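Before any comments, here is the structure.
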Amino acid sequence: MSWSPRTAARSNCPHRPAYTPAGQRLAGTRNGVFCAFGTDGKQAWRLDQGDYPKRMRATADAIYVSGADGFKEIAPDGSGVLRHWTELISNTTESGVIVDGLVIVSSYGMQLGAFDYASGELVGLRENLPDYPKSLAVLRGPDRTPYLVVGGRSGYLATYRLDRGPAKGTFARLREVFLPKQPSVSEW
C-alpha cells in the first residue's frame with residue numbers, strides 16, 4: 001500500500017500524519033493502529049498499540065504518543081512500545097514532554113503528572129487545575145533551569161519551575177493567568 005490523500009481515506013491509517021527526522025510519514029487511527037510510510041509512499045511498518053492517539057511527535061530516537069492510555073514511547077522502527085507512563089492519570093493524556101530525566105504529561109482530568117524517565121515512577125502530581133491543560137512546552141532560563149509552560153483550553157497559561165525534585169515538590173508554580181479572549185480574525 002502507498003500513501004496518498006486518496007488512498008488514506010480507504011486505508012487503516014487515514015488520519016493526520018506526523019513526520020520522522022528521516023522523512024517517513026506517520027499516521028495513527030482512533031483504534032490505535034500506527035503506520036509509517038517511506039518517502040516513496042510505500043508502507044514501511046505497522047503497529048497496533050491498541051489505544052486512541054491524540055497527539056504524536058517523532059524524534060531520531062523515538063515516537064511519542066499521548067492519548068487514551070497515558071503517554072507512550074514507541075520504537076522509531078515501529079517494533080513496539082518502549083515505555084509507558086500512566087500511573088494515577090485519570091483521563092486521556094493530552095500532551096507530554098521530556099526534560100532532564102522527567103516525563104511530564106497533562107491529562108483531560110485537569111492534571112499534570114511527572115514521572116522518572118528511567119524507572120517510570122510517579123514523582124509529582126498536580127491535580128484540580130483551573131482548566132484543561134492542552135499543550136506543554138519546556139523553556140530554559142539563562143542559567144539552564146527548566147520551566148514548564150502549560151496552555152489550557154480557555155486561555156489558561158501557567159509556568160512551573162521543574163528543577164526542585166520530588167522532595168521539594170516537582171511542580172513549583174510560578175505564575176497562572178487567563179489570557180483575555182480576542183475576537184476572531186477569520187474571514188469566514
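The way I read the labels, and the way they are meant: chains A, B, ... in the order of the C-alpha cells, residue 1 as the first residue of every chain, and ligand 1 as the first ligand shown, with later ones counted on from there.
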For the contact check between range 63-131 of chain A and range 42-54 of chain A, emit one row per residue of range 63-131 of chain A within 9 Å, containing the shortest atom pair and the distance in Å rounded to one decimal, counting only C-alpha atoms, chain then rising number order, as CSV.
```
residue,atom,partner,partner_atom,distance
A:Val65,CA,A:Pro53,CA,6.3
A:Ser66,CA,A:Lys54,CA,5.7
A:Gly67,CA,A:Pro53,CA,4.3
A:Ala68,CA,A:Tyr52,CA,5.1
A:Asp69,CA,A:Asp51,CA,6.2
A:Asp77,CA,A:Trp45,CA,7.3
A:Gly78,CA,A:Leu47,CA,5.9
A:Ser79,CA,A:Leu47,CA,7.2
A:Gly80,CA,A:Leu47,CA,7.0
A:Val81,CA,A:Gln49,CA,7.4
A:Thr92,CA,A:Lys54,CA,8.4
A:Thr93,CA,A:Lys54,CA,7.9
A:Glu94,CA,A:Lys54,CA,6.6
A:Ser95,CA,A:Lys54,CA,8.2
```
Give the strand (DSSP E) residues of range 124-181 of chain A, as assigned by DSSP on the backbone, as JSON, numbers by chain.
{"A": [124, 125, 126, 133, 134, 135, 136, 137, 138, 139, 140, 146, 147, 148, 149, 150, 151, 152, 156, 157, 158, 159, 160, 161, 172, 173, 174, 175, 176, 177, 178]}
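Interatomic distance, CA of Glu176 in chain A against CA of Tyr160 in chain A: 9.0 Å.
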Using only C-alpha atoms, determine which residues lie at most 9 Å from Glu127 in chain A, disregarding the query and same-chain residues fewer than 2 positions distant; provide the list as a PyMOL selection string.
chain A and resi 109-113+125+129
Please provide the set of residues having any atom within 12 Å of Asp61 in chain A, restricted to only C-alpha atoms, with same-chain residues fewer than 5 positions apart removed, written as a PyMOL selection string.
chain A and resi 20-22+73-78+82
Based on the selection just made, write C-alpha atoms of those residues as an mmCIF file, in the first residue's frame.
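Written output follows (part13.cif):
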```cif
data_model
loop_
_atom_site.group_PDB
_atom_site.id
_atom_site.type_symbol
_atom_site.label_atom_id
_atom_site.label_comp_id
_atom_site.auth_asym_id
_atom_site.auth_seq_id
_atom_site.Cartn_x
_atom_site.Cartn_y
_atom_site.Cartn_z
ATOM 1 C CA THR A 20 10.145 11.384 11.381
ATOM 2 C CA PRO A 21 13.512 13.126 11.002
ATOM 3 C CA ALA A 22 14.217 10.666 8.159
ATOM 4 C CA GLU A 73 7.411 5.997 23.768
ATOM 5 C CA ILE A 74 7.396 3.857 20.624
ATOM 6 C CA ALA A 75 10.471 2.481 18.857
ATOM 7 C CA PRO A 76 11.270 4.531 15.741
ATOM 8 C CA ASP A 77 11.146 1.365 13.617
ATOM 9 C CA GLY A 78 7.641 0.525 14.891
ATOM 10 C CA LEU A 82 9.326 1.007 24.716
#
```
Excluding Pro180 in chain A and its own-chain neighbours fewer than 2 positions away, which residues fall within 8 Å of it when counting only C-alpha atoms? Please give them as a PyMOL selection string.
chain A and resi 155+178+182
Within 7 Å of range 84-86 of chain A using only C-alpha atoms, minus same-chain residues under 2 positions, as a compact mmCIF listing (two decimals) with N, CA and C atoms, in the first residue's frame:
```
# COMPACT_ATOMS: atom_id res chain seq x y z
N ASP A 69 -4.49 5.94 26.79
CA ASP A 69 -3.89 5.17 27.88
C ASP A 69 -2.51 5.69 28.23
N GLY A 70 -2.42 6.96 28.57
CA GLY A 70 -1.17 7.53 29.02
C GLY A 70 -0.29 8.05 27.90
N PHE A 71 0.97 8.25 28.23
CA PHE A 71 1.98 8.77 27.31
C PHE A 71 2.92 7.63 27.00
N LYS A 72 3.19 7.41 25.71
CA LYS A 72 3.97 6.24 25.29
C LYS A 72 5.17 6.66 24.46
N GLU A 73 6.23 5.88 24.61
CA GLU A 73 7.41 6.00 23.77
C GLU A 73 7.45 4.75 22.89
N LEU A 88 -1.84 6.93 37.96
CA LEU A 88 -2.68 7.96 38.57
C LEU A 88 -3.19 9.03 37.61
N ILE A 89 -2.98 8.85 36.32
CA ILE A 89 -3.54 9.79 35.35
C ILE A 89 -4.98 9.35 35.10
N GLY A 120 10.03 5.01 35.48
CA GLY A 120 8.59 5.12 35.28
C GLY A 120 7.84 5.52 36.53
```
What separation in Å, quoted to one decimal, exists between CA of Gly152 in chain A and CA of Asp131 in chain A?
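Separating CA of Gly152 in chain A from CA of Asp131 in chain A is a distance of 5.8 Å.
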Based on the backbone DSSP call, show me all residues of chain A assigned alpha helix (DSSP H), as a ChimeraX atom specification.
/A:5-8
Measuring atom to atom with only C-alpha atoms, identify which of A:Gly23, A:Ala18, A:Thr29, A:Gly96 is nearest to Gly41 in chain A.
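Counting only C-alpha atoms, the residue closest to Gly41 in chain A is A:Gly23.
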Could the residues of range 55-128 of chain A that have an atom at most 12 Å from range 139-143 of chain A be listed as JSON lines, each with its closest atom pair and the distance in Å to one decimal, counting only C-alpha atoms and ordered by chain and ascending residue number?
```
{"residue": "A:Val97", "atom": "CA", "partner": "A:Leu139", "partner_atom": "CA", "distance": 11.1}
{"residue": "A:Ile98", "atom": "CA", "partner": "A:Leu139", "partner_atom": "CA", "distance": 11.6}
{"residue": "A:Val99", "atom": "CA", "partner": "A:Leu139", "partner_atom": "CA", "distance": 9.7}
{"residue": "A:Asp100", "atom": "CA", "partner": "A:Arg140", "partner_atom": "CA", "distance": 11.2}
```
Residues just named, written with N, CA and C atoms as a PDB file, in the first residue's frame:
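Generated output (result_35.pdb):
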```pdb
ATOM      1  N   VAL A  97       5.992  16.004  27.517  1.00  0.00           N
ATOM      2  CA  VAL A  97       7.338  16.489  27.212  1.00  0.00           C
ATOM      3  C   VAL A  97       8.330  15.746  28.099  1.00  0.00           C
ATOM      4  N   ILE A  98       9.562  15.698  27.653  1.00  0.00           N
ATOM      5  CA  ILE A  98      10.625  15.060  28.428  1.00  0.00           C
ATOM      6  C   ILE A  98      11.746  16.068  28.602  1.00  0.00           C
ATOM      7  N   VAL A  99      12.192  16.225  29.857  1.00  0.00           N
ATOM      8  CA  VAL A  99      13.275  17.162  30.141  1.00  0.00           C
ATOM      9  C   VAL A  99      14.052  16.683  31.365  1.00  0.00           C
ATOM     10  N   ASP A 100      15.359  16.627  31.250  1.00  0.00           N
ATOM     11  CA  ASP A 100      16.242  16.316  32.379  1.00  0.00           C
ATOM     12  C   ASP A 100      15.813  15.074  33.159  1.00  0.00           C
TER      13      ASP A 100
END
```
Nearest-residue call for Tyr64 in chain A, choices A:Val103, A:Val33, A:Val149, A:Leu162, using only C-alpha atoms:
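For Tyr64 in chain A, the nearest of the candidates is A:Val103.
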